[in-house]
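Structure data (PDB, C-alpha atoms) from run17.pdb:
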ATOM      1  CA  MET A   1      18.337  41.635   2.503
ATOM      2  CA  LYS A   2      18.866  40.445  -1.051
ATOM      3  CA  ASP A   3      22.322  39.321  -0.035
ATOM      4  CA  ILE A   4      21.241  37.321   2.997
ATOM      5  CA  TYR A   5      18.395  35.686   1.123
ATOM      6  CA  ASP A   6      20.701  33.986  -1.335
ATOM      7  CA  LEU A   7      20.201  30.353  -0.404
ATOM      8  CA  LYS A   8      23.081  29.316  -2.609
ATOM      9  CA  LYS A   9      25.325  30.573   0.190
ATOM     10  CA  LEU A  10      24.172  27.657   2.299
ATOM     11  CA  GLY A  11      26.549  24.767   2.635
ATOM     12  CA  ARG A  12      26.344  21.734   0.365
ATOM     13  CA  VAL A  13      27.283  18.337   1.711
ATOM     14  CA  LYS A  14      28.618  15.225   0.035
ATOM     15  CA  ALA A  15      27.662  11.621   0.592
ATOM     16  CA  PRO A  16      29.730   9.896   3.298
ATOM     17  CA  PRO A  17      32.756   7.863   2.164
ATOM     18  CA  GLY A  18      31.900   4.279   1.238
ATOM     19  CA  PHE A  19      28.286   5.162   0.517
ATOM     20  CA  GLU A  20      28.088   3.138  -2.719
ATOM     21  CA  THR A  21      29.585   0.055  -1.034
ATOM     22  CA  ALA A  22      27.103   0.363   1.825
ATOM     23  CA  CYS A  23      24.257   0.663  -0.697
ATOM     24  CA  LEU A  24      25.346  -2.473  -2.549
ATOM     25  CA  GLU A  25      25.649  -4.435   0.698
ATOM     26  CA  THR A  26      22.196  -3.327   1.787
ATOM     27  CA  LEU A  27      20.899  -4.278  -1.650
ATOM     28  CA  SER A  28      22.297  -7.833  -1.379
ATOM     29  CA  GLY A  29      20.772  -8.224   2.086
ATOM     30  CA  ARG A  30      17.383  -7.052   0.917
ATOM     31  CA  LYS A  31      17.473  -9.283  -2.162
ATOM     32  CA  ARG A  32      18.134 -12.321   0.056
ATOM     33  CA  ARG A  33      15.297 -11.262   2.352
ATOM     34  CA  HIS A  34      12.939 -10.850  -0.609
ATOM     35  CA  VAL A  35      13.745 -14.360  -1.857
ATOM     36  CA  LYS A  36      13.220 -15.794   1.643
ATOM     37  CA  GLU A  37       9.888 -13.986   2.007
ATOM     38  CA  LYS A  38       8.803 -15.215  -1.417
ATOM     39  CA  TYR A  39       9.533 -18.843  -0.436
ATOM     40  CA  ILE A  40       7.710 -18.435   2.873
ATOM     41  CA  ARG A  41       4.680 -17.006   1.089
ATOM     42  CA  LEU A  42       4.666 -19.833  -1.458
ATOM     43  CA  SER A  43       5.037 -22.445   1.287
ATOM     44  CA  LEU A  44       2.162 -20.968   3.277
ATOM     45  CA  ALA A  45      -0.023 -20.855   0.181
ATOM     46  CA  GLY A  46       0.869 -24.473  -0.597
ATOM     47  CA  ALA A  47       0.157 -25.588   2.955
ATOM     48  CA  PHE A  48      -3.201 -23.831   2.947
ATOM     49  CA  CYS A  49      -4.189 -25.450  -0.364
ATOM     50  CA  THR A  50      -3.136 -28.869   0.929
ATOM     51  CA  VAL A  51      -5.243 -28.464   4.075
ATOM     52  CA  LEU A  52      -8.207 -27.322   1.998
ATOM     53  CA  ILE A  53      -7.978 -30.281  -0.386
ATOM     54  CA  ALA A  54      -7.553 -32.712   2.512
ATOM     55  CA  ALA A  55     -10.627 -31.274   4.235
ATOM     56  CA  LEU A  56     -12.640 -31.646   1.031
ATOM     57  CA  ILE A  57     -11.554 -35.250   0.541
ATOM     58  CA  VAL A  58     -12.295 -36.151   4.136
ATOM     59  CA  GLY A  59     -15.625 -34.349   4.097
ATOM     60  CA  VAL A  60     -16.846 -35.789   0.828
ATOM     61  CA  PHE A  61     -15.397 -39.288   0.601
ATOM     62  CA  ILE A  62     -14.342 -40.480   4.004
ATOM     63  CA  LEU A  63     -16.903 -39.230   6.504
ATOM     64  CA  PRO A  64     -20.155 -41.312   6.552
ATOM     65  CA  GLN A  65     -23.109 -39.760   4.798
ATOM     66  CA  GLY A  66     -25.883 -38.645   7.167
ATOM     67  CA  SER A  67     -28.859 -41.105   7.129
ATOM     68  CA  GLN A  68     -32.304 -39.908   6.218
ATOM     69  CA  ILE A  69     -34.558 -39.586   9.162
ATOM     70  CA  ASP A  70     -37.763 -41.607   8.767
ATOM     71  CA  LEU A  71     -40.295 -39.693  10.763
ATOM     72  CA  SER A  72     -42.872 -42.401  10.501
ATOM     73  CA  SER A  73     -40.633 -44.657  12.517
ATOM     74  CA  LEU A  74     -40.752 -42.299  15.448
ATOM     75  CA  GLU A  75     -42.737 -43.797  18.249
ATOM     76  CA  LYS A  76     -45.912 -42.177  19.321
ATOM     77  CA  PRO A  77     -45.937 -41.275  22.938
ATOM     78  CA  ALA A  78     -47.580 -44.033  25.047
ATOM     79  CA  ASP A  79     -49.844 -41.643  26.795
ATOM     80  CA  PRO A  80     -51.938 -39.637  24.346
ATOM     81  CA  GLY A  81     -52.283 -37.034  26.971
ATOM     82  CA  PHE A  82     -48.525 -36.814  27.280
ATOM     83  CA  ARG A  83     -47.236 -33.463  28.104
ATOM     84  CA  SER A  84     -43.646 -32.744  27.495
ATOM     85  CA  GLY A  85     -43.467 -30.418  30.361
ATOM     86  CA  PHE A  86     -43.566 -27.318  28.216
ATOM     87  CA  GLY A  87     -46.950 -26.248  29.450
ATOM     88  CA  ARG A  88     -50.191 -26.279  27.590
ATOM     89  CA  GLY A  89     -48.701 -26.571  24.106
ATOM     90  CA  ALA A  90     -48.303 -30.316  24.020
ATOM     91  CA  PHE A  91     -46.340 -31.808  21.122
ATOM     92  CA  ASN A  92     -48.152 -34.462  19.116
ATOM     93  CA  ILE A  93     -46.135 -36.331  16.589
ATOM     94  CA  ILE A  94     -47.524 -35.708  13.146
ATOM     95  CA  HIS A  95     -46.629 -38.267  10.489
ATOM     96  CA  ILE A  96     -45.420 -36.321   7.555
ATOM     97  CA  THR A  97     -44.503 -39.259   5.371
ATOM     98  CA  GLU A  98     -46.673 -42.224   4.663
ATOM     99  CA  PRO A  99     -45.299 -45.287   3.036
ATOM    100  CA  VAL A 100     -47.191 -46.105  -0.115
ATOM    101  CA  GLY A 101     -47.121 -49.585  -1.553
ATOM    102  CA  TYR A 102     -46.879 -48.864  -5.260
ATOM    103  CA  VAL A 103     -46.594 -52.537  -6.099
ATOM    104  CA  GLN A 104     -49.937 -53.231  -4.530
ATOM    105  CA  GLU A 105     -51.548 -50.354  -6.380
ATOM    106  CA  ILE A 106     -50.290 -51.596  -9.730
ATOM    107  CA  ARG A 107     -51.494 -55.135  -9.046
ATOM    108  CA  ASN A 108     -54.933 -53.877  -8.118
ATOM    109  CA  PHE A 109     -55.011 -51.754 -11.194
ATOM    110  CA  SER A 110     -54.247 -54.621 -13.555
ATOM    111  CA  LYS A 111     -57.061 -56.834 -12.134
ATOM    112  CA  GLU A 112     -59.781 -54.240 -12.477
ATOM    113  CA  VAL A 113     -61.770 -53.822 -15.626
ATOM    114  CA  PRO A 114     -60.667 -50.697 -17.326
ATOM    115  CA  THR A 115     -63.202 -47.910 -17.127
ATOM    116  CA  ILE A 116     -63.545 -45.509 -19.965
ATOM    117  CA  TYR A 117     -64.544 -42.036 -19.118
ATOM    118  CA  ILE A 118     -66.282 -39.951 -21.718
ATOM    119  CA  LEU A 119     -65.918 -36.283 -21.342
ATOM    120  CA  GLU A 120     -68.974 -34.548 -22.735
ATOM    121  CA  LYS A 121     -69.664 -30.933 -23.227
ATOM    122  CA  VAL A 122     -72.934 -30.053 -21.671
ATOM    123  CA  SER A 123     -74.870 -27.849 -23.989
ATOM    124  CA  ASP A 124     -78.478 -26.694 -24.409
ATOM    125  CA  GLN A 125     -78.222 -27.106 -28.125
ATOM    126  CA  THR A 126     -79.184 -30.606 -29.256
ATOM    127  CA  ASP A 127     -77.517 -30.489 -32.636
ATOM    128  CA  THR A 128     -74.013 -30.166 -31.128
ATOM    129  CA  LYS A 129     -71.673 -33.007 -32.148
ATOM    130  CA  ILE A 130     -70.215 -35.076 -29.399
ATOM    131  CA  LYS A 131     -66.467 -35.354 -29.603
ATOM    132  CA  TYR A 132     -64.639 -38.278 -28.054
TER     133      TYR A 132
ATOM    134  CA  MET B 133      25.692   5.905 -20.945
ATOM    135  CA  ASP B 134      22.636   8.137 -20.522
ATOM    136  CA  ASP B 135      20.030   7.877 -17.769
ATOM    137  CA  LYS B 136      17.523   5.960 -19.887
ATOM    138  CA  GLU B 137      19.981   3.222 -20.808
ATOM    139  CA  LEU B 138      21.202   3.065 -17.240
ATOM    140  CA  MET B 139      17.702   2.686 -15.897
ATOM    141  CA  ALA B 140      16.847   0.068 -18.524
ATOM    142  CA  ARG B 141      19.769  -2.006 -17.249
ATOM    143  CA  VAL B 142      18.761  -1.490 -13.614
ATOM    144  CA  GLN B 143      15.265  -2.695 -14.492
ATOM    145  CA  LYS B 144      16.839  -5.934 -15.718
ATOM    146  CA  GLY B 145      18.603  -6.303 -12.358
ATOM    147  CA  ASP B 146      22.065  -5.116 -13.386
ATOM    148  CA  GLU B 147      23.854  -4.246 -10.137
ATOM    149  CA  LYS B 148      26.757  -2.550 -11.909
ATOM    150  CA  ALA B 149      24.347  -0.136 -13.562
ATOM    151  CA  PHE B 150      22.791   0.452 -10.161
ATOM    152  CA  ALA B 151      26.200   1.229  -8.631
ATOM    153  CA  GLU B 152      26.823   3.727 -11.435
ATOM    154  CA  LEU B 153      23.471   5.350 -10.759
ATOM    155  CA  VAL B 154      24.300   5.687  -7.064
ATOM    156  CA  LEU B 155      27.643   7.256  -7.941
ATOM    157  CA  ILE B 156      25.968   9.888 -10.139
ATOM    158  CA  TYR B 157      23.213  10.886  -7.751
ATOM    159  CA  LYS B 158      24.487  10.188  -4.232
ATOM    160  CA  ASP B 159      25.845  13.674  -3.450
ATOM    161  CA  LYS B 160      22.787  15.468  -4.787
ATOM    162  CA  ILE B 161      20.342  13.238  -2.909
ATOM    163  CA  VAL B 162      22.269  13.317   0.363
ATOM    164  CA  ASN B 163      22.530  17.109   0.124
ATOM    165  CA  PHE B 164      18.825  17.489  -0.642
ATOM    166  CA  LEU B 165      17.841  15.277   2.269
ATOM    167  CA  TRP B 166      20.232  17.124   4.581
ATOM    168  CA  GLN B 167      18.674  20.446   3.582
ATOM    169  CA  MET B 168      15.299  18.874   4.353
ATOM    170  CA  THR B 169      15.988  17.166   7.658
ATOM    171  CA  GLY B 170      18.939  19.115   9.072
ATOM    172  CA  ASP B 171      20.426  15.826  10.277
ATOM    173  CA  TYR B 172      23.346  14.435   8.290
ATOM    174  CA  GLN B 173      23.107  10.900   9.655
ATOM    175  CA  LYS B 174      19.402  10.794   8.914
ATOM    176  CA  ALA B 175      20.039  12.224   5.442
ATOM    177  CA  ALA B 176      22.534   9.441   4.658
ATOM    178  CA  GLU B 177      20.088   6.763   5.865
ATOM    179  CA  LEU B 178      17.216   8.216   3.890
ATOM    180  CA  ALA B 179      19.430   8.510   0.818
ATOM    181  CA  GLN B 180      20.260   4.810   1.087
ATOM    182  CA  GLU B 181      16.570   3.995   1.425
ATOM    183  CA  THR B 182      15.891   6.168  -1.638
ATOM    184  CA  PHE B 183      18.301   4.128  -3.737
ATOM    185  CA  MET B 184      16.862   0.854  -2.439
ATOM    186  CA  ARG B 185      13.446   1.980  -3.615
ATOM    187  CA  VAL B 186      14.884   3.084  -6.943
ATOM    188  CA  TYR B 187      16.160  -0.474  -7.444
ATOM    189  CA  PHE B 188      13.173  -2.440  -6.215
ATOM    190  CA  LYS B 189      10.558  -0.170  -7.788
ATOM    191  CA  SER B 190      12.477   0.333 -11.026
ATOM    192  CA  ASP B 191       9.698  -1.385 -12.967
ATOM    193  CA  LYS B 192       7.416   1.536 -12.049
ATOM    194  CA  TYR B 193       9.673   4.089 -13.759
ATOM    195  CA  ARG B 194       8.471   5.369 -17.134
ATOM    196  CA  PRO B 195      10.976   7.288 -19.283
ATOM    197  CA  VAL B 196       8.388  10.049 -19.823
ATOM    198  CA  ALA B 197       9.920  12.134 -17.020
ATOM    199  CA  PRO B 198      13.666  12.573 -16.408
ATOM    200  CA  LEU B 199      15.212  10.013 -14.097
ATOM    201  CA  SER B 200      16.406  12.723 -11.708
ATOM    202  CA  SER B 201      12.796  13.886 -11.176
ATOM    203  CA  TRP B 202      11.746  10.362 -10.281
ATOM    204  CA  ILE B 203      14.608   9.891  -7.817
ATOM    205  CA  TYR B 204      13.912  13.263  -6.191
ATOM    206  CA  THR B 205      10.219  12.323  -5.920
ATOM    207  CA  ILE B 206      11.137   9.226  -3.915
ATOM    208  CA  ALA B 207      13.577  11.220  -1.779
ATOM    209  CA  SER B 208      11.099  14.015  -1.038
ATOM    210  CA  ASN B 209       8.376  11.518  -0.087
ATOM    211  CA  LEU B 210      10.750   9.821   2.336
ATOM    212  CA  ALA B 211      11.769  13.195   3.782
ATOM    213  CA  LYS B 212       8.127  14.232   4.235
ATOM    214  CA  THR B 213       7.304  10.962   6.009
ATOM    215  CA  ASP B 214      10.298  11.383   8.264
ATOM    216  CA  LEU B 215       9.398  14.977   9.128
ATOM    217  CA  LYS B 216       5.836  13.938   9.997
ATOM    218  CA  ARG B 217       7.147  11.140  12.192
ATOM    219  CA  GLN B 218       9.537  13.538  13.965
ATOM    220  CA  LYS B 219       6.750  15.967  14.618
ATOM    221  CA  LYS B 220       4.551  13.248  16.106
ATOM    222  CA  HIS B 221       7.058  11.667  18.431
ATOM    223  CA  MET B 222       9.487  14.165  19.808
ATOM    224  CA  TYR B 223      10.667  17.684  19.399
ATOM    225  CA  VAL B 224      14.370  18.193  19.931
ATOM    226  CA  SER B 225      16.073  21.469  19.356
ATOM    227  CA  LEU B 226      18.696  20.768  16.746
ATOM    228  CA  GLU B 227      20.543  24.060  17.131
ATOM    229  CA  ASN B 228      23.082  22.822  19.642
ATOM    230  CA  VAL B 229      23.275  19.372  18.077
ATOM    231  CA  GLU B 230      24.035  20.824  14.665
ATOM    232  CA  ASN B 231      26.770  23.014  16.094
ATOM    233  CA  THR B 232      28.600  20.075  17.580
ATOM    234  CA  LEU B 233      28.236  17.878  14.526
ATOM    235  CA  SER B 234      28.979  20.438  11.810
ATOM    236  CA  SER B 235      32.686  19.700  12.004
ATOM    237  CA  GLU B 236      32.013  16.024  11.165
ATOM    238  CA  ILE B 237      29.889  16.705   8.108
ATOM    239  CA  PRO B 238      31.773  16.414   4.796
ATOM    240  CA  PHE B 239      30.933  19.749   3.225
ATOM    241  CA  ASP B 240      31.303  20.019  -0.512
ATOM    242  CA  LYS B 241      31.466  23.808  -0.314
ATOM    243  CA  ASN B 242      30.524  26.670   1.992
ATOM    244  CA  PRO B 243      30.902  25.054   5.372
ATOM    245  CA  GLU B 244      28.393  26.709   7.666
ATOM    246  CA  ASN B 245      30.619  28.712   9.947
ATOM    247  CA  SER B 246      29.436  32.276   9.584
ATOM    248  CA  GLU B 247      26.650  33.718  11.664
ATOM    249  CA  THR B 248      24.774  34.873   8.550
ATOM    250  CA  ILE B 249      24.663  31.360   7.204
ATOM    251  CA  LYS B 250      23.390  30.068  10.534
ATOM    252  CA  VAL B 251      20.605  32.632  10.555
ATOM    253  CA  LEU B 252      19.697  31.658   7.004
ATOM    254  CA  ARG B 253      19.699  27.974   7.945
ATOM    255  CA  LYS B 254      17.469  28.624  10.941
ATOM    256  CA  ALA B 255      15.023  30.619   8.815
ATOM    257  CA  LEU B 256      14.877  27.841   6.209
ATOM    258  CA  ASN B 257      14.277  25.189   8.870
ATOM    259  CA  SER B 258      11.387  27.216  10.270
ATOM    260  CA  LEU B 259       9.422  26.884   7.013
ATOM    261  CA  HIS B 260       6.577  24.402   6.692
ATOM    262  CA  PRO B 261       7.574  21.406   4.481
ATOM    263  CA  ARG B 262       4.903  22.510   2.000
ATOM    264  CA  TYR B 263       7.024  25.595   1.261
ATOM    265  CA  LYS B 264      10.424  24.313   2.262
ATOM    266  CA  ILE B 265      10.584  21.509  -0.325
ATOM    267  CA  PRO B 266       9.814  23.676  -3.382
ATOM    268  CA  ILE B 267      12.182  26.399  -2.126
ATOM    269  CA  ILE B 268      15.026  23.920  -1.690
ATOM    270  CA  LEU B 269      14.395  22.350  -5.091
ATOM    271  CA  LYS B 270      14.240  25.738  -6.799
ATOM    272  CA  ASP B 271      16.760  27.936  -5.015
ATOM    273  CA  ILE B 272      19.300  25.326  -3.889
ATOM    274  CA  GLU B 273      19.010  22.352  -6.251
ATOM    275  CA  GLY B 274      18.288  24.539  -9.286
ATOM    276  CA  PHE B 275      15.218  22.764 -10.715
ATOM    277  CA  SER B 276      12.754  24.658 -12.875
ATOM    278  CA  GLN B 277       9.186  25.157 -11.683
ATOM    279  CA  GLU B 278       7.912  22.645 -14.255
ATOM    280  CA  GLU B 279      10.382  20.043 -13.029
ATOM    281  CA  ILE B 280       9.372  20.717  -9.424
ATOM    282  CA  ALA B 281       5.713  20.256 -10.404
ATOM    283  CA  GLN B 282       6.669  16.858 -11.883
ATOM    284  CA  ILE B 283       8.682  15.864  -8.825
ATOM    285  CA  LEU B 284       6.020  16.796  -6.298
ATOM    286  CA  LYS B 285       3.119  15.771  -8.553
ATOM    287  CA  LYS B 286       1.339  19.073  -8.030
ATOM    288  CA  PRO B 287      -0.060  21.535 -10.576
ATOM    289  CA  LEU B 288       2.345  24.191 -11.827
ATOM    290  CA  GLY B 289       0.182  26.980 -10.401
ATOM    291  CA  THR B 290       0.364  25.411  -6.951
ATOM    292  CA  ILE B 291       4.137  25.182  -7.127
ATOM    293  CA  LYS B 292       4.468  28.816  -8.213
ATOM    294  CA  ALA B 293       2.221  29.897  -5.362
ATOM    295  CA  ARG B 294       4.125  27.844  -2.810
ATOM    296  CA  ILE B 295       7.502  29.131  -3.950
ATOM    297  CA  SER B 296       6.270  32.703  -3.789
ATOM    298  CA  ARG B 297       4.714  32.207  -0.370
ATOM    299  CA  GLY B 298       7.751  30.321   0.899
ATOM    300  CA  ARG B 299      10.097  33.131  -0.147
ATOM    301  CA  GLU B 300       7.816  35.634   1.518
ATOM    302  CA  ASN B 301       7.843  33.647   4.763
ATOM    303  CA  LEU B 302      11.610  33.310   4.560
ATOM    304  CA  ARG B 303      12.068  37.044   4.087
ATOM    305  CA  GLN B 304       9.785  37.724   7.030
ATOM    306  CA  GLU B 305      11.731  35.294   9.187
ATOM    307  CA  LEU B 306      15.047  36.871   8.204
ATOM    308  CA  GLU B 307      13.750  40.360   8.897
ATOM    309  CA  ASP B 308      12.602  39.275  12.342
ATOM    310  CA  SER B 309      15.999  37.658  12.968
ATOM    311  CA  SER B 310      17.922  40.765  11.859
ATOM    312  CA  LEU B 311      15.741  42.912  14.121
ATOM    313  CA  ASN B 312      16.508  40.638  17.061
ATOM    314  CA  MET B 313      20.267  40.682  16.384
TER     315      MET B 313
END

Can you present the structure in this file as structure tokens?
Amino acid sequence: MKDIYDLKKLGRVKAPPGFETACLETLSGRKRRHVKEKYIRLSLAGAFCTVLIAALIVGVFILPQGSQIDLSSLEKPADPGFRSGFGRGAFNIIHITEPVGYVQEIRNFSKEVPTIYILEKVSDQTDTKIKY
Amino acid sequence: MDDKELMARVQKGDEKAFAELVLIYKDKIVNFLWQMTGDYQKAAELAQETFMRVYFKSDKYRPVAPLSSWIYTIASNLAKTDLKRQKKHMYVSLENVENTLSSEIPFDKNPENSETIKVLRKALNSLHPRYKIPIILKDIEGFSQEEIAQILKKPLGTIKARISRGRENLRQELEDSSLNM
């Protein structure tokens, strides 16, 4: 059994003839493929970046900005009892914004006599000093 | 030029150094892969793939371990992947195929003609790769257990256990074969 177990008796093979040449040829082919793949990857990355930048430019500078919706300009329904057809929950338009004429307020303010308000601490003690 | 200098040149992309490396290791790697797969054609293809990976992954090599260990690591990983793939897809009895092709295989020594050798080959092929690889590296390729542990990236204790178990399985297989003869 010792004799048969000796694995060194098994055959040893050599590399086929022309193995090194075949290896070098395969190497050249793979190097060319690597370079090609690298260029394809770079081109795709470049194309993606270009598309992204173009989309940003178009989105920010070229497309019109969305106008602010003035809710107060929305017309009230002609019929106060208007029902939109959604059943009992009728929609009434609620004015959220109210235009304020600041100019008018300032003008009114300047014509009025200024009123001075004195803030006084209410106290039971009579000898407390009043501070203005 | 020693292995470290050779590998340093390969890392810089020197194809002549690479050709020299192939010349040094081609027979050993082809033989190892043939012992693993039992198919000479497959062994030659896998050996070529091994050297391609040696070139393209040369930057991953650190001169801490011997270059031969690193190359055998790549070769054994490729062999393991191939064996798994074979197992998944198709089982073909290689006995008859090997017999017809053995005359075409360039044997370095001990062409496998005798019946004893064939029995030994069959017993070795019956081992699980877990045991077969360490046995081949130890008893055929002549690596030490420490080197095998480096190649297979397993603890030394595991390698010792696998070699011992593999030899036991091989002996059992040979005993069964001799009883059947």

Asp271 of chain B environment, 10 Å, only C-alpha atoms, sequence neighbours closer than 6 positions dropped, as a PyMOL selection string: (chain A and resi 6-8) or (chain B and resi 295+299)

Residue neighbourhood Leu215 of chain B, 9 Å, only C-alpha atoms, exclusion window fewer than 3 positions, as a ChimeraX atom specification: /B:168-169,210-212,218-220,261

Atomic separation - atom CA of Val154 of chain B relative to atom CA of Phe19 of chain A, Å: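 Between atom CA of Phe19 of chain A and atom CA of Val154 of chain B the gap is 8.6 Å.
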
Residues matched by the PyMOL selection byres ((chain A) within 10 of (chain B)), written as an NGL selection string: :A and (1-17 or 19-24 or 26-28 or 30-31)

Selected residues written out, C-alpha atoms, as a short mmCIF file (atom, residue, chain, number, x, y, z; two decimals), in the coordinates of the input:
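Contents of the output file again.cif:
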data_model
loop_
_atom_site.label_atom_id
_atom_site.label_comp_id
_atom_site.auth_asym_id
_atom_site.auth_seq_id
_atom_site.Cartn_x
_atom_site.Cartn_y
_atom_site.Cartn_z
CA MET A 1 18.34 41.64 2.50
CA LYS A 2 18.87 40.44 -1.05
CA ASP A 3 22.32 39.32 -0.04
CA ILE A 4 21.24 37.32 3.00
CA TYR A 5 18.40 35.69 1.12
CA ASP A 6 20.70 33.99 -1.34
CA LEU A 7 20.20 30.35 -0.40
CA LYS A 8 23.08 29.32 -2.61
CA LYS A 9 25.32 30.57 0.19
CA LEU A 10 24.17 27.66 2.30
CA GLY A 11 26.55 24.77 2.64
CA ARG A 12 26.34 21.73 0.36
CA VAL A 13 27.28 18.34 1.71
CA LYS A 14 28.62 15.22 0.04
CA ALA A 15 27.66 11.62 0.59
CA PRO A 16 29.73 9.90 3.30
CA PRO A 17 32.76 7.86 2.16
CA PHE A 19 28.29 5.16 0.52
CA GLU A 20 28.09 3.14 -2.72
CA THR A 21 29.58 0.06 -1.03
CA ALA A 22 27.10 0.36 1.82
CA CYS A 23 24.26 0.66 -0.70
CA LEU A 24 25.35 -2.47 -2.55
CA THR A 26 22.20 -3.33 1.79
CA LEU A 27 20.90 -4.28 -1.65
CA SER A 28 22.30 -7.83 -1.38
CA ARG A 30 17.38 -7.05 0.92
CA LYS A 31 17.47 -9.28 -2.16
#

One-decimal distance in Å that lies between atom CA of Thr182 of chain B and atom CA of Arg141 of chain B: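 Between these atoms lies a distance of 18.0 Å.
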
Pairwise distance for atom CA of Pro266 of chain B and atom CA of Leu284 of chain B, rounded to one decimal in Å: 8.4 Å

Residue members of the PyMOL selection byres ((chain B and resi 279) around 12) in the file shown, as a list in words: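 Residues picked by the PyMOL selection byres ((chain B and resi 279) around 12): Ala197, Pro198, Leu199, Ser200, Ser201, Trp202, Tyr204, Thr205, Pro266, Leu269, Lys270, Glu273, Gly274, Phe275, Ser276, Gln277, Glu278, Ile280, Ala281, Gln282, Ile283, Leu284, Lys285, Lys286, Pro287, Leu288, Ile291 and Lys292 of chain B.
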